[in-house]
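Participant: First the structure, then my questions, so here it is.
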Amino acid sequence: MWGPATVLPPWLTLSVLPGAGRFCFWSLGAAVRKDLGAVLRRGLSDSCPQRLPDEDLGELPRQSSGRIISRRSIISPRLAATLAGMLPLGGKKARRHVIMECNPGPGILTKALLETGASVIALESHKKFIPHLKSLGEKLNGRLEVVHCDFFKMDPNNHNLVRPPIVLSQELFSSLGIKANSWLEDIPFKVVGMLPVNNERKALWKLLHDLYTCSSIYRYGRVELYMFISESQFEKLIANPTNPNLYHVLSVLWQVSCEIKLLHKAPSSLFDMYTKNGLLVHKASLKRHNLCFIQMTPRKNLFTEYLTPINYDIFFHMVKQCFGRRSALLIQHLHSLTPYDPLNIMNEAKIGTKVKPSDIYPQDFKHLFETIECSSDDDSKWLYDRVIEDLHC
């Protein structure tokens, strides 16, 4: 059940509740039921750290840097301890927190998380690491649950693809005894990991869809993410009108939905890199760069009477449309977005008529959208085809 349903009028509340993963799209006076799964997928440092030897894990064969890198794993216990100390867990005497760790690999960060007193669910996509992780759990009082699962491929569009490491969150969380919170309650659990090396944008889009529809992990409440992300992608994520060259659709949608904090920067030398097949990659010839460890906390006030999981797709479309022609004035974009008088809309939203999309802040986009939504009870507020576009931007 979606927590923010309590802020909706009765005629909207009912359409949020029925059916797992069911959804209702509105446009031009017509409501059309669709299955979510079918429409939402269109995306402190050590000077010379060494990989810890482990008999269970064995020595992974090294490959040339020419192979496609799929994932990273921390190799520095000191960095792992630093990161674990940054998570607000309240100390060992506080209530036990649940942390999901994505692709823990050799388990160096896993061990540091367990030492904080938290319970850890290790979602590991590669079988090579699972025996070692299970043995680590046995040595640490059984507070580690290991699951063969790829977090970033959870809840796929095509349910025929569901086989480990691809799983359904509802089945997984039910088996782990995890219960849903309402949106306005405390954080139900935290997810720690690293965005896929070659698919950061795709992973960010998928998480956005899940967040705005309260599906997948966000079906269980305001799940907090602690993720490593490339420095270049992080700069785009937090961009605003003060750095317009980096400011884009993802910047707006993520900043509207979450509070984003930079917790730590670490050089790439503190990570091992692996191919899709779990083979270790030589790092000597790879370009060195920084990775950013960030906290992404969903906002309690994300959903309102006028921005809901029912009409989020129109909000996405509006923002995407505005950044499609960055040189055009915002008022020109409104001519193609709504049948209402753009000048009246801009004045009501208290936005200047001479501004471009890159001139206004993320929350201004949300305010503009809500201004149009509340301007009339008429269903035809938008000049928008209800067929959702693939958001490849």
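If you're wondering about the labels, chains in the structure tokens are A, B, ... by order shown, residues count from 1 in each chain, ligands from 1 in order shown.
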For the interface of range 96-137 of chain A with range 166-183 of chain A (cut-off 12 Å, counting only C-alpha atoms), please tabulate each contacting residue of range 96-137 of chain A alongside its nearest pair of atoms and their separation in Å to one decimal, rows sorted by chain and increasing number, as a tab-separated table.
Facilitator:
residue	atom	partner	partner_atom	distance
A:His97	CA	A:Ile178	CA	11.9
A:Val98	CA	A:Ile178	CA	9.3
A:Ile99	CA	A:Ile178	CA	11.5
A:Met100	CA	A:Phe173	CA	11.0
A:Ser119	CA	A:Leu176	CA	11.8
A:Val120	CA	A:Leu176	CA	11.4
A:Ile121	CA	A:Leu176	CA	8.9
A:Ala122	CA	A:Leu176	CA	11.7
A:Leu123	CA	A:Leu172	CA	10.5
A:Glu124	CA	A:Ile166	CA	10.7
A:Ser125	CA	A:Ile166	CA	8.4
A:His126	CA	A:Ile166	CA	11.3
Participant: With a cut-off of 7 Å, could you pull out the residues of range 132-215 of chain A touching range 306-318 of chain A and give me the nearest pair of atoms for each, distance in Å to one decimal, using only C-alpha atoms, ordered by chain and ascending number, as JSON lines?
Facilitator:
{"residue": "A:Tyr212", "atom": "CA", "partner": "A:Pro309", "partner_atom": "CA", "distance": 5.7}
{"residue": "A:Thr213", "atom": "CA", "partner": "A:Pro309", "partner_atom": "CA", "distance": 4.6}
{"residue": "A:Cys214", "atom": "CA", "partner": "A:Pro309", "partner_atom": "CA", "distance": 7.0}
Participant: Produce a file of the selected residues containing C-alpha atoms, as an mmCIF file, in the first residue's frame.
Facilitator:
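Generated file (part14.cif):
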data_model
loop_
_atom_site.group_PDB
_atom_site.id
_atom_site.type_symbol
_atom_site.label_atom_id
_atom_site.label_comp_id
_atom_site.auth_asym_id
_atom_site.auth_seq_id
_atom_site.Cartn_x
_atom_site.Cartn_y
_atom_site.Cartn_z
ATOM 1 C CA TYR A 212 8.134 7.755 -8.533
ATOM 2 C CA THR A 213 5.804 4.745 -8.861
ATOM 3 C CA CYS A 214 6.469 3.406 -5.344
#
Participant: With distances taken over only C-alpha atoms, which of A:Ala84, A:Leu334, A:Leu114, A:Ile372 is nearest to Gly142 in chain A?
Facilitator: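 Of A:Ala84, A:Leu334, A:Leu114, A:Ile372, the one nearest Gly142 in chain A, counting only C-alpha atoms, is A:Leu114.
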Participant: In range 262-347 of chain A, what's alpha helix (DSSP H) per DSSP? Answer as a list of chain:residue names?
Facilitator: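 Taking range 262-347 of chain A and keeping alpha helix (DSSP H) only, one gets A:Tyr312, A:Asp313, A:Ile314, A:Phe315, A:Phe316, A:His317, A:Met318, A:Val319, A:Lys320, A:Gln321, A:Cys322, A:Phe323, A:Gly324, A:Leu330, A:Ile331, A:Gln332, A:His333, A:Leu334, A:His335, A:Ser336, A:Leu337, A:Pro342, A:Leu343, A:Asn344, A:Ile345, A:Met346, A:Asn347.
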Participant: Between A:Ile331, A:Leu161, A:Ile187, A:Ile130, which one has atoms that come closest to Asn103 in chain A, using only C-alpha atoms?
Facilitator: A:Ile130
Participant: Have a look at CA of Glu370 in chain A and CA of Glu305 in chain A and let me know their distance in Å, one decimal.
Facilitator: 8.6 Å
Participant: Would you mind reading off the distance between CA of Arg219 in chain A and CA of Cys149 in chain A, one decimal, in Å?
Facilitator: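 Between CA of Arg219 in chain A and CA of Cys149 in chain A the gap works out to 18.2 Å.
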